[in-house]
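A.B. asks: Here it is, the structure, as structure tokens.
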Amino acid sequence: MALIAPSLLSANFLQLREDCTMLNNSEADWFHLDVMDGRFVPNISFGPMIIKFITSTTHKVCDVHLMIEEPEKYAGAFQEAGATSLTVHFEACKHLHSNIQQIKSLGMKAGVAINPHTPVALLQDILADIDLVCLMSVNPGFGGQSFIPHSIEKIAALKKMISDRDLNVLIEVDGGINLENASLIIAAGADVLVAGNTIFKSADPAFTISQLKKL
Ligand code: DX5
Ligand code: ZN
């Protein structure tokens, strides 16, 4: 059984409170919050102000996925906005180790996200310092894209790297997850499934979450 982290990028922002209440009353484990800056990715989403409203509605883990450059400038703002964990992109950080130390010193769990083209082997020297790897199974920037099949091999290889060293690092898979491919993704070694469109565009989002939870 994997943890389920609905991505609020696909929520209805005109009824954000209702969507948060639905998630709070559902079997969702985490809230996944996607921050985009229009520089690292070709889209702009929301920042600490909106996240503060969202975190005020919940006691669940608020998992903030930063798709932004220079995340060190904003880590404090996301901590104040109520982030439980903060994930930065491998490709966006010149000084990744120092970014991770900053996040941990602010009292948050630290994650590293990798794009589809980034080999998991490049995580070898940061793996012992982090709580989470967010393995992107689409190119970041938009919800509703198709799962890239090669991600399955990457999940399995990363799982082996983690278990070979007996580390305590969660594998989160993000992008294009649906009820058809989720079992394969869990079997490959995923601990956390992020899902946006599959949950929020379904007729009954809470029921879809419970279906994902049963896999
Ligand atoms: C993409 C985001 C994802 C996205 C997932 O850049 O990081 O979290 O919202 O959405 P779906 O599940 O619709 O692919
Ligand atoms: Zn995400």
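Residues in the structure tokens are named by chain (A, B, ... in the order shown) and by number from 1 within that chain; ligands are numbered from 1 in the order shown.
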Can I get the residues close to ligand 1 as an MDAnalysis selection string, where close means within 6 Å and we count only C-alpha atoms and all ligand atoms?
C.D. replies: chainID A and resid 7 9 34 140:145 174:177 195:197
A.B. asks: Please provide the set of residues having any atom within 8 Å of A:Val64, restricted to only C-alpha atoms, with same-chain residues fewer than 5 positions apart removed, written as a list in words.
C.D. replies: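 With the cut-off at 8 Å, the set is His32, Leu33, Asp34, Val35, Ala83, Thr84, Ser85, Leu86 and Thr87 of chain A.
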A.B. asks: If DSSP is run on the backbone, what residues of stretch 130-193 of chain A are alpha helix (DSSP H)? A reply as a PyMOL selection string would be ideal.
C.D. replies: chain A and resi 151-164+182-188
A.B. asks: Please produce a file of those selected residues containing all heavy atoms, as a short mmCIF file (atom, residue, chain, number, x, y, z; two decimals), in the first residue's frame.
C.D. replies:
```cif
data_model
loop_
_atom_site.label_atom_id
_atom_site.label_comp_id
_atom_site.auth_asym_id
_atom_site.auth_seq_id
_atom_site.Cartn_x
_atom_site.Cartn_y
_atom_site.Cartn_z
N SER A 151 10.25 5.40 -16.64
CA SER A 151 10.28 5.73 -15.20
C SER A 151 10.26 4.47 -14.35
O SER A 151 10.81 4.46 -13.24
CB SER A 151 9.08 6.60 -14.82
OG SER A 151 8.92 7.66 -15.72
N ILE A 152 9.62 3.42 -14.83
CA ILE A 152 9.53 2.17 -14.06
C ILE A 152 10.93 1.63 -13.74
O ILE A 152 11.22 1.26 -12.61
CB ILE A 152 8.69 1.11 -14.83
CG1 ILE A 152 7.23 1.59 -14.98
CG2 ILE A 152 8.77 -0.26 -14.16
CD1 ILE A 152 6.43 1.62 -13.69
N GLU A 153 11.80 1.63 -14.77
CA GLU A 153 13.18 1.14 -14.55
C GLU A 153 13.92 2.04 -13.56
O GLU A 153 14.72 1.57 -12.74
CB GLU A 153 13.96 1.14 -15.86
CG GLU A 153 13.52 0.05 -16.83
CD GLU A 153 13.97 0.37 -18.25
OE1 GLU A 153 15.16 0.71 -18.45
OE2 GLU A 153 13.12 0.30 -19.17
N LYS A 154 13.65 3.35 -13.64
CA LYS A 154 14.32 4.28 -12.73
C LYS A 154 13.88 4.05 -11.28
O LYS A 154 14.69 4.12 -10.36
CB LYS A 154 14.05 5.73 -13.15
CG LYS A 154 14.70 6.10 -14.48
CD LYS A 154 14.38 7.53 -14.89
CE LYS A 154 15.11 8.55 -14.03
NZ LYS A 154 14.84 9.93 -14.48
N ILE A 155 12.59 3.79 -11.10
CA ILE A 155 12.07 3.54 -9.74
C ILE A 155 12.78 2.30 -9.17
O ILE A 155 13.27 2.32 -8.03
CB ILE A 155 10.54 3.31 -9.75
CG1 ILE A 155 9.80 4.54 -10.27
CG2 ILE A 155 10.04 2.92 -8.35
CD1 ILE A 155 8.33 4.28 -10.65
N ALA A 156 12.83 1.25 -9.97
CA ALA A 156 13.45 -0.01 -9.49
C ALA A 156 14.93 0.20 -9.17
O ALA A 156 15.43 -0.30 -8.15
CB ALA A 156 13.26 -1.11 -10.54
N ALA A 157 15.64 0.93 -10.01
CA ALA A 157 17.07 1.17 -9.77
C ALA A 157 17.29 2.00 -8.52
O ALA A 157 18.20 1.73 -7.71
CB ALA A 157 17.69 1.87 -10.99
N LEU A 158 16.43 2.99 -8.32
CA LEU A 158 16.55 3.84 -7.12
C LEU A 158 16.22 3.04 -5.86
O LEU A 158 16.90 3.18 -4.83
CB LEU A 158 15.59 5.04 -7.26
CG LEU A 158 15.55 6.02 -6.10
CD1 LEU A 158 16.92 6.64 -5.82
CD2 LEU A 158 14.53 7.13 -6.38
N LYS A 159 15.20 2.19 -5.96
CA LYS A 159 14.84 1.33 -4.82
C LYS A 159 16.04 0.50 -4.39
O LYS A 159 16.33 0.35 -3.21
CB LYS A 159 13.67 0.42 -5.22
CG LYS A 159 13.04 -0.32 -4.07
CD LYS A 159 12.22 0.63 -3.24
CE LYS A 159 11.42 -0.05 -2.16
NZ LYS A 159 10.60 0.93 -1.41
N LYS A 160 16.76 -0.03 -5.39
CA LYS A 160 17.93 -0.88 -5.09
C LYS A 160 19.03 -0.04 -4.42
O LYS A 160 19.64 -0.48 -3.44
CB LYS A 160 18.43 -1.53 -6.38
CG LYS A 160 19.54 -2.54 -6.14
CD LYS A 160 19.87 -3.36 -7.37
CE LYS A 160 20.91 -4.44 -7.08
NZ LYS A 160 22.05 -4.04 -6.27
N MET A 161 19.25 1.17 -4.93
CA MET A 161 20.28 2.04 -4.32
C MET A 161 19.96 2.31 -2.85
O MET A 161 20.86 2.35 -2.00
CB MET A 161 20.32 3.40 -5.06
CG MET A 161 21.04 3.39 -6.39
SD MET A 161 20.68 4.89 -7.35
CE MET A 161 21.41 6.16 -6.32
N ILE A 162 18.66 2.50 -2.57
CA ILE A 162 18.25 2.83 -1.19
C ILE A 162 18.36 1.60 -0.30
O ILE A 162 18.91 1.67 0.81
CB ILE A 162 16.80 3.40 -1.19
CG1 ILE A 162 16.78 4.75 -1.89
CG2 ILE A 162 16.26 3.50 0.23
CD1 ILE A 162 15.38 5.29 -2.20
N SER A 163 17.88 0.45 -0.79
CA SER A 163 17.89 -0.73 0.08
C SER A 163 19.30 -1.30 0.24
O SER A 163 19.66 -1.80 1.31
CB SER A 163 16.89 -1.79 -0.39
OG SER A 163 17.10 -2.08 -1.72
N ASP A 164 20.15 -1.19 -0.80
CA ASP A 164 21.54 -1.66 -0.68
C ASP A 164 22.27 -0.97 0.47
O ASP A 164 23.15 -1.54 1.10
CB ASP A 164 22.33 -1.39 -1.98
CG ASP A 164 22.02 -2.42 -3.06
OD1 ASP A 164 21.33 -3.41 -2.75
OD2 ASP A 164 22.47 -2.21 -4.21
N ALA A 182 -0.93 2.43 -11.75
CA ALA A 182 -0.46 2.61 -10.36
C ALA A 182 0.11 1.33 -9.75
O ALA A 182 1.12 1.38 -9.03
CB ALA A 182 -1.59 3.17 -9.50
N SER A 183 -0.49 0.18 -10.05
CA SER A 183 -0.01 -1.08 -9.45
C SER A 183 1.42 -1.38 -9.88
O SER A 183 2.25 -1.82 -9.08
CB SER A 183 -0.89 -2.26 -9.86
OG SER A 183 -2.18 -2.05 -9.40
N LEU A 184 1.69 -1.15 -11.16
CA LEU A 184 3.04 -1.40 -11.71
C LEU A 184 4.06 -0.46 -11.03
O LEU A 184 5.20 -0.86 -10.74
CB LEU A 184 3.00 -1.15 -13.22
CG LEU A 184 4.18 -1.60 -14.06
CD1 LEU A 184 4.38 -3.11 -13.93
CD2 LEU A 184 3.95 -1.22 -15.54
N ILE A 185 3.64 0.77 -10.80
CA ILE A 185 4.52 1.77 -10.19
C ILE A 185 4.82 1.39 -8.73
O ILE A 185 5.96 1.49 -8.27
CB ILE A 185 3.85 3.17 -10.29
CG1 ILE A 185 3.74 3.58 -11.77
CG2 ILE A 185 4.60 4.22 -9.48
CD1 ILE A 185 2.77 4.71 -12.04
N ILE A 186 3.81 0.89 -8.04
CA ILE A 186 4.01 0.44 -6.65
C ILE A 186 4.91 -0.80 -6.64
O ILE A 186 5.84 -0.90 -5.84
CB ILE A 186 2.65 0.15 -5.96
CG1 ILE A 186 1.83 1.43 -5.82
CG2 ILE A 186 2.87 -0.51 -4.60
CD1 ILE A 186 0.38 1.22 -5.38
N ALA A 187 4.65 -1.72 -7.57
CA ALA A 187 5.46 -2.95 -7.62
C ALA A 187 6.92 -2.64 -7.90
O ALA A 187 7.82 -3.33 -7.41
CB ALA A 187 4.90 -3.88 -8.70
N ALA A 188 7.19 -1.58 -8.66
CA ALA A 188 8.59 -1.21 -8.96
C ALA A 188 9.29 -0.62 -7.74
O ALA A 188 10.52 -0.57 -7.70
CB ALA A 188 8.61 -0.22 -10.12
#
```
A.B. asks: Of the candidates A:Phe53, A:Ile148, A:Val192, A:Glu70, which shows the shortest atom-to-atom distance to ligand 2, using only C-alpha atoms and all ligand atoms?
C.D. replies: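 Going through A:Phe53, A:Ile148, A:Val192, A:Glu70 one by one, the smallest distance to ligand 2 is for A:Val192.
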A.B. asks: Please return, as a PyMOL selection string, all residues of stretch 30-99 of chain A that DSSP assigns to strand (DSSP E) on the basis of the backbone.
C.D. replies: chain A and resi 30-36+61-67+85-89
A.B. asks: Next, the residues of the selection above should be written as a PDB file, in the first residue's frame with N, CA, C and O atoms.
C.D. replies:
```
ATOM      1  N   TRP A  30      -1.172  12.757   2.038  1.00  0.00           N
ATOM      2  CA  TRP A  30      -0.457  14.026   1.971  1.00  0.00           C
ATOM      3  C   TRP A  30      -1.213  14.983   1.044  1.00  0.00           C
ATOM      4  O   TRP A  30      -1.963  14.550   0.155  1.00  0.00           O
ATOM      5  N   PHE A  31      -0.966  16.280   1.202  1.00  0.00           N
ATOM      6  CA  PHE A  31      -1.334  17.287   0.207  1.00  0.00           C
ATOM      7  C   PHE A  31      -0.054  17.560  -0.606  1.00  0.00           C
ATOM      8  O   PHE A  31       0.990  17.884  -0.013  1.00  0.00           O
ATOM      9  N   HIS A  32      -0.110  17.435  -1.932  1.00  0.00           N
ATOM     10  CA  HIS A  32       1.057  17.733  -2.772  1.00  0.00           C
ATOM     11  C   HIS A  32       0.838  19.101  -3.423  1.00  0.00           C
ATOM     12  O   HIS A  32      -0.149  19.314  -4.134  1.00  0.00           O
ATOM     13  N   LEU A  33       1.785  20.021  -3.203  1.00  0.00           N
ATOM     14  CA  LEU A  33       1.611  21.419  -3.623  1.00  0.00           C
ATOM     15  C   LEU A  33       2.728  21.813  -4.589  1.00  0.00           C
ATOM     16  O   LEU A  33       3.911  21.838  -4.216  1.00  0.00           O
ATOM     17  N   ASP A  34       2.348  22.090  -5.827  1.00  0.00           N
ATOM     18  CA  ASP A  34       3.309  22.320  -6.917  1.00  0.00           C
ATOM     19  C   ASP A  34       3.559  23.798  -7.151  1.00  0.00           C
ATOM     20  O   ASP A  34       2.675  24.527  -7.601  1.00  0.00           O
ATOM     21  N   VAL A  35       4.784  24.228  -6.895  1.00  0.00           N
ATOM     22  CA  VAL A  35       5.149  25.635  -7.058  1.00  0.00           C
ATOM     23  C   VAL A  35       6.001  25.788  -8.319  1.00  0.00           C
ATOM     24  O   VAL A  35       7.039  25.139  -8.453  1.00  0.00           O
ATOM     25  N   MET A  36       5.547  26.645  -9.241  1.00  0.00           N
ATOM     26  CA  MET A  36       6.244  26.837 -10.528  1.00  0.00           C
ATOM     27  C   MET A  36       6.534  28.315 -10.740  1.00  0.00           C
ATOM     28  O   MET A  36       5.678  29.151 -10.474  1.00  0.00           O
ATOM     29  N   VAL A  61       0.166  15.936   6.130  1.00  0.00           N
ATOM     30  CA  VAL A  61       1.490  16.360   5.655  1.00  0.00           C
ATOM     31  C   VAL A  61       1.341  17.260   4.425  1.00  0.00           C
ATOM     32  O   VAL A  61       0.611  16.907   3.488  1.00  0.00           O
ATOM     33  N   CYS A  62       1.983  18.415   4.434  1.00  0.00           N
ATOM     34  CA  CYS A  62       1.951  19.305   3.269  1.00  0.00           C
ATOM     35  C   CYS A  62       3.307  19.240   2.568  1.00  0.00           C
ATOM     36  O   CYS A  62       4.321  19.741   3.062  1.00  0.00           O
ATOM     37  N   ASP A  63       3.279  18.569   1.427  1.00  0.00           N
ATOM     38  CA  ASP A  63       4.469  18.185   0.665  1.00  0.00           C
ATOM     39  C   ASP A  63       4.624  19.196  -0.469  1.00  0.00           C
ATOM     40  O   ASP A  63       3.871  19.169  -1.437  1.00  0.00           O
ATOM     41  N   VAL A  64       5.579  20.117  -0.315  1.00  0.00           N
ATOM     42  CA  VAL A  64       5.721  21.213  -1.281  1.00  0.00           C
ATOM     43  C   VAL A  64       6.821  20.888  -2.294  1.00  0.00           C
ATOM     44  O   VAL A  64       7.971  20.640  -1.914  1.00  0.00           O
ATOM     45  N   HIS A  65       6.453  20.864  -3.560  1.00  0.00           N
ATOM     46  CA  HIS A  65       7.341  20.514  -4.675  1.00  0.00           C
ATOM     47  C   HIS A  65       7.719  21.804  -5.393  1.00  0.00           C
ATOM     48  O   HIS A  65       6.911  22.381  -6.122  1.00  0.00           O
ATOM     49  N   LEU A  66       8.955  22.242  -5.177  1.00  0.00           N
ATOM     50  CA  LEU A  66       9.411  23.498  -5.767  1.00  0.00           C
ATOM     51  C   LEU A  66      10.013  23.263  -7.142  1.00  0.00           C
ATOM     52  O   LEU A  66      11.092  22.661  -7.260  1.00  0.00           O
ATOM     53  N   MET A  67       9.337  23.765  -8.162  1.00  0.00           N
ATOM     54  CA  MET A  67       9.911  23.739  -9.518  1.00  0.00           C
ATOM     55  C   MET A  67      10.367  25.161  -9.804  1.00  0.00           C
ATOM     56  O   MET A  67       9.803  25.864 -10.653  1.00  0.00           O
ATOM     57  N   SER A  85       7.289  19.240   4.239  1.00  0.00           N
ATOM     58  CA  SER A  85       8.492  18.837   3.517  1.00  0.00           C
ATOM     59  C   SER A  85       8.674  19.765   2.327  1.00  0.00           C
ATOM     60  O   SER A  85       7.701  20.288   1.766  1.00  0.00           O
ATOM     61  N   LEU A  86       9.935  19.982   1.972  1.00  0.00           N
ATOM     62  CA  LEU A  86      10.259  20.868   0.859  1.00  0.00           C
ATOM     63  C   LEU A  86      11.175  20.104  -0.097  1.00  0.00           C
ATOM     64  O   LEU A  86      12.224  19.596   0.311  1.00  0.00           O
ATOM     65  N   THR A  87      10.741  20.020  -1.349  1.00  0.00           N
ATOM     66  CA  THR A  87      11.502  19.292  -2.363  1.00  0.00           C
ATOM     67  C   THR A  87      12.019  20.271  -3.401  1.00  0.00           C
ATOM     68  O   THR A  87      11.254  21.071  -3.945  1.00  0.00           O
ATOM     69  N   VAL A  88      13.326  20.192  -3.658  1.00  0.00           N
ATOM     70  CA  VAL A  88      13.950  21.060  -4.670  1.00  0.00           C
ATOM     71  C   VAL A  88      14.413  20.197  -5.843  1.00  0.00           C
ATOM     72  O   VAL A  88      14.628  18.992  -5.688  1.00  0.00           O
ATOM     73  N   HIS A  89      14.569  20.827  -7.010  1.00  0.00           N
ATOM     74  CA  HIS A  89      14.990  20.061  -8.186  1.00  0.00           C
ATOM     75  C   HIS A  89      16.504  19.955  -8.277  1.00  0.00           C
ATOM     76  O   HIS A  89      17.212  20.962  -8.183  1.00  0.00           O
TER      77      HIS A  89
END
```
A.B. asks: Near A:Lys214, within 10 Å and counting only C-alpha atoms, which residues show up once chain neighbours fewer than 6 positions away are dropped, as a PyMOL selection string?
C.D. replies: chain A and resi 1-2+183+208
A.B. asks: Keeping only N, CA and C atoms, write those residues as a PDB file, in the first residue's frame.
C.D. replies:
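The file below, result31.pdb, is the result:
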```pdb
ATOM      1  N   MET A   1       0.837  -1.201   0.000  1.00  0.00           N
ATOM      2  CA  MET A   1       0.000   0.000   0.000  1.00  0.00           C
ATOM      3  C   MET A   1       0.874   1.254   0.000  1.00  0.00           C
ATOM      4  N   ALA A   2       0.626   2.136  -0.969  1.00  0.00           N
ATOM      5  CA  ALA A   2       1.435   3.353  -1.060  1.00  0.00           C
ATOM      6  C   ALA A   2       0.720   4.516  -0.382  1.00  0.00           C
ATOM      7  N   SER A 183      -0.492   0.179 -10.052  1.00  0.00           N
ATOM      8  CA  SER A 183      -0.008  -1.081  -9.451  1.00  0.00           C
ATOM      9  C   SER A 183       1.422  -1.379  -9.881  1.00  0.00           C
ATOM     10  N   THR A 208     -11.941   7.793  -5.795  1.00  0.00           N
ATOM     11  CA  THR A 208     -10.730   7.505  -6.583  1.00  0.00           C
ATOM     12  C   THR A 208      -9.515   7.372  -5.671  1.00  0.00           C
TER      13      THR A 208
END
```
A.B. asks: Skip A:Phe13 itself and residues of its chain fewer than 3 positions away, then list as a PyMOL selection string all residues within 12 Å of it, counting only C-alpha atoms.
C.D. replies: chain A and resi 8-10+16-20+45-46+50-51+53-54+200
A.B. asks: Write out, as a CSV table (one decimal), in the first residue's frame, the residues just selected, with all heavy atoms.
C.D. replies:
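Contents of again30.csv, as written:
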```csv
chain,number,residue,atom,x,y,z
A,8,LEU,N,-2.8,19.4,-5.7
A,8,LEU,CA,-3.8,20.4,-5.8
A,8,LEU,C,-3.7,21.3,-7.0
A,8,LEU,O,-4.6,22.2,-7.2
A,8,LEU,CB,-3.8,21.2,-4.5
A,8,LEU,CG,-4.6,20.5,-3.4
A,8,LEU,CD1,-3.6,19.9,-2.4
A,8,LEU,CD2,-5.6,21.4,-2.7
A,9,LEU,N,-2.7,21.1,-7.8
A,9,LEU,CA,-2.6,21.8,-9.1
A,9,LEU,C,-3.8,21.6,-9.9
A,9,LEU,O,-4.3,22.5,-10.7
A,9,LEU,CB,-1.3,21.3,-9.9
A,9,LEU,CG,-0.9,22.1,-11.1
A,9,LEU,CD1,-0.5,23.5,-10.7
A,9,LEU,CD2,0.3,21.4,-11.8
A,10,SER,N,-4.4,20.4,-9.8
A,10,SER,CA,-5.6,20.1,-10.5
A,10,SER,C,-6.9,20.4,-9.8
A,10,SER,O,-8.0,20.1,-10.3
A,10,SER,CB,-5.6,18.6,-10.9
A,10,SER,OG,-4.5,18.3,-11.7
A,16,LEU,N,-11.5,26.2,-3.4
A,16,LEU,CA,-10.4,25.5,-2.8
A,16,LEU,C,-10.7,25.0,-1.4
A,16,LEU,O,-10.3,23.9,-1.0
A,16,LEU,CB,-9.3,26.6,-2.6
A,16,LEU,CG,-7.9,26.1,-2.5
A,16,LEU,CD1,-7.5,25.0,-3.4
A,16,LEU,CD2,-6.9,27.3,-2.7
A,17,ARG,N,-11.5,25.7,-0.6
A,17,ARG,CA,-11.8,25.1,0.7
A,17,ARG,C,-12.6,23.8,0.6
A,17,ARG,O,-12.3,22.9,1.3
A,17,ARG,CB,-12.7,26.1,1.5
A,17,ARG,CG,-13.0,25.6,2.9
A,17,ARG,CD,-13.8,26.6,3.8
A,17,ARG,NE,-13.1,27.7,4.2
A,17,ARG,CZ,-12.3,27.8,5.2
A,17,ARG,NH1,-12.0,26.7,5.9
A,17,ARG,NH2,-11.7,28.9,5.6
A,18,GLU,N,-13.5,23.7,-0.3
A,18,GLU,CA,-14.3,22.5,-0.5
A,18,GLU,C,-13.3,21.4,-0.9
A,18,GLU,O,-13.5,20.2,-0.4
A,18,GLU,CB,-15.4,22.6,-1.6
A,18,GLU,CG,-16.6,23.4,-1.1
A,18,GLU,CD,-16.5,24.9,-1.5
A,18,GLU,OE1,-15.3,25.4,-1.4
A,18,GLU,OE2,-17.5,25.5,-1.7
A,19,ASP,N,-12.4,21.6,-1.8
A,19,ASP,CA,-11.5,20.6,-2.2
A,19,ASP,C,-10.6,20.2,-1.1
A,19,ASP,O,-10.3,19.0,-0.9
A,19,ASP,CB,-10.6,21.1,-3.4
A,19,ASP,CG,-11.4,21.0,-4.7
A,19,ASP,OD1,-12.6,20.5,-4.7
A,19,ASP,OD2,-10.9,21.4,-5.8
A,20,CYS,N,-10.1,21.1,-0.2
A,20,CYS,CA,-9.3,20.8,0.9
A,20,CYS,C,-10.1,19.9,1.9
A,20,CYS,O,-9.6,18.9,2.5
A,20,CYS,CB,-8.8,22.0,1.6
A,20,CYS,SG,-7.6,22.9,0.7
A,45,SER,N,2.5,28.8,-11.2
A,45,SER,CA,1.3,28.3,-10.4
A,45,SER,C,1.0,29.2,-9.2
A,45,SER,O,0.4,30.2,-9.4
A,45,SER,CB,1.5,26.8,-10.0
A,45,SER,OG,2.7,26.7,-9.2
A,46,PHE,N,1.4,28.8,-8.1
A,46,PHE,CA,1.1,29.6,-6.9
A,46,PHE,C,2.3,29.5,-5.9
A,46,PHE,O,3.2,28.7,-6.1
A,46,PHE,CB,-0.2,29.1,-6.2
A,46,PHE,CG,-0.2,27.6,-6.0
A,46,PHE,CD1,0.5,27.0,-4.9
A,46,PHE,CD2,-0.9,26.7,-6.9
A,46,PHE,CE1,0.5,25.6,-4.8
A,46,PHE,CE2,-0.9,25.3,-6.7
A,46,PHE,CZ,-0.2,24.8,-5.7
A,50,ILE,N,-0.8,31.3,-1.1
A,50,ILE,CA,-1.9,30.4,-1.3
A,50,ILE,C,-1.7,29.1,-0.5
A,50,ILE,O,-2.6,28.6,0.1
A,50,ILE,CB,-2.0,30.0,-2.8
A,50,ILE,CG1,-2.3,31.2,-3.7
A,50,ILE,CG2,-3.0,28.9,-3.1
A,50,ILE,CD1,-3.6,31.7,-3.6
A,51,ILE,N,-0.4,28.7,-0.4
A,51,ILE,CA,0.0,27.5,0.4
A,51,ILE,C,-0.4,27.7,1.9
A,51,ILE,O,-0.9,26.8,2.5
A,51,ILE,CB,1.4,27.2,0.2
A,51,ILE,CG1,1.6,26.6,-1.2
A,51,ILE,CG2,1.9,26.2,1.2
A,51,ILE,CD1,3.0,26.2,-1.6
A,53,PHE,N,-2.9,29.4,3.1
A,53,PHE,CA,-4.4,29.2,3.2
A,53,PHE,C,-4.6,27.7,3.2
A,53,PHE,O,-5.5,27.2,4.0
A,53,PHE,CB,-5.1,29.9,2.0
A,53,PHE,CG,-5.3,31.4,2.2
A,53,PHE,CD1,-4.7,32.2,1.3
A,53,PHE,CD2,-6.1,31.9,3.2
A,53,PHE,CE1,-4.9,33.6,1.5
A,53,PHE,CE2,-6.3,33.3,3.3
A,53,PHE,CZ,-5.7,34.1,2.5
A,54,ILE,N,-4.0,27.0,2.3
A,54,ILE,CA,-4.2,25.5,2.2
A,54,ILE,C,-3.8,24.8,3.4
A,54,ILE,O,-4.5,24.0,4.0
A,54,ILE,CB,-3.5,25.0,0.9
A,54,ILE,CG1,-4.1,25.5,-0.3
A,54,ILE,CG2,-3.6,23.4,0.9
A,54,ILE,CD1,-3.4,25.2,-1.6
A,200,PHE,N,-8.7,14.7,-9.3
A,200,PHE,CA,-9.6,15.8,-9.3
A,200,PHE,C,-10.6,15.9,-10.5
A,200,PHE,O,-11.6,16.5,-10.5
A,200,PHE,CB,-8.8,17.1,-9.2
A,200,PHE,CG,-8.3,17.4,-7.8
A,200,PHE,CD1,-7.0,17.0,-7.5
A,200,PHE,CD2,-9.2,17.9,-6.9
A,200,PHE,CE1,-6.6,17.3,-6.2
A,200,PHE,CE2,-8.7,18.1,-5.6
A,200,PHE,CZ,-7.4,17.8,-5.2
```
A.B. asks: Give the answer as one residue: which of A:Gln15, A:Ser146, A:Ser137, A:Thr198 has the shortest atom-to-atom distance to ligand 2, using only C-alpha atoms and all ligand atoms?
C.D. replies: A:Ser137
A.B. asks: Write out as a PDB file with C-alpha atoms, in the first residue's frame the residues lying within 10 Å of stretch 96-102 of chain A, counting only C-alpha atoms and excluding same-chain residues fewer than 6 positions away.
C.D. replies:
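Result file result_24.pdb:
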```pdb
ATOM      1  CA  GLU A  70      17.166  29.767  -6.464  1.00  0.00           C
ATOM      2  CA  PRO A  71      14.981  27.885  -3.946  1.00  0.00           C
ATOM      3  CA  GLU A  72      17.272  29.084  -1.123  1.00  0.00           C
ATOM      4  CA  LYS A  73      15.657  32.519  -1.431  1.00  0.00           C
ATOM      5  CA  ALA A  75      12.742  28.171   1.798  1.00  0.00           C
ATOM      6  CA  GLY A  76      11.971  30.296   4.861  1.00  0.00           C
ATOM      7  CA  LEU A  86      10.259  20.868   0.859  1.00  0.00           C
ATOM      8  CA  THR A  87      11.502  19.292  -2.363  1.00  0.00           C
ATOM      9  CA  VAL A  88      13.950  21.060  -4.670  1.00  0.00           C
ATOM     10  CA  HIS A  89      14.990  20.061  -8.186  1.00  0.00           C
ATOM     11  CA  PHE A  90      18.394  18.486  -8.759  1.00  0.00           C
ATOM     12  CA  MET A 108      11.310  20.565   7.344  1.00  0.00           C
ATOM     13  CA  LYS A 109      11.842  17.198   5.700  1.00  0.00           C
ATOM     14  CA  ALA A 110      14.049  17.548   2.625  1.00  0.00           C
ATOM     15  CA  GLY A 111      13.401  16.115  -0.819  1.00  0.00           C
ATOM     16  CA  VAL A 112      15.161  16.116  -4.184  1.00  0.00           C
ATOM     17  CA  ASP A 125      26.146  11.353  -2.986  1.00  0.00           C
ATOM     18  CA  ILE A 126      23.060  13.142  -1.632  1.00  0.00           C
ATOM     19  CA  ASP A 129      21.108  13.387   3.486  1.00  0.00           C
ATOM     20  CA  ILE A 130      17.510  13.426   2.278  1.00  0.00           C
ATOM     21  CA  ASP A 131      14.095  12.089   3.308  1.00  0.00           C
TER      22      ASP A 131
END
```
A.B. asks: Between A:Leu135, A:Leu14, A:Ala206, A:Leu3, which is the closest to ligand 2 once you count only C-alpha atoms and all ligand atoms?
C.D. replies: A:Leu135
A.B. asks: Report the distance between atom CA of A:Asn12 and atom CA of A:Asn115 in Å, rounded to one decimal place.
C.D. replies: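 If I compute the distance from atom CA of A:Asn12 to atom CA of A:Asn115, I get 26.4 Å.
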A.B. asks: With only C-alpha atoms as the atoms that count, which of A:Ile68, A:Ala203, A:Ala81, A:Ile103 lies nearest to A:Thr55?
C.D. replies: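 Under the stated criterion, the closest residue is A:Ala81.
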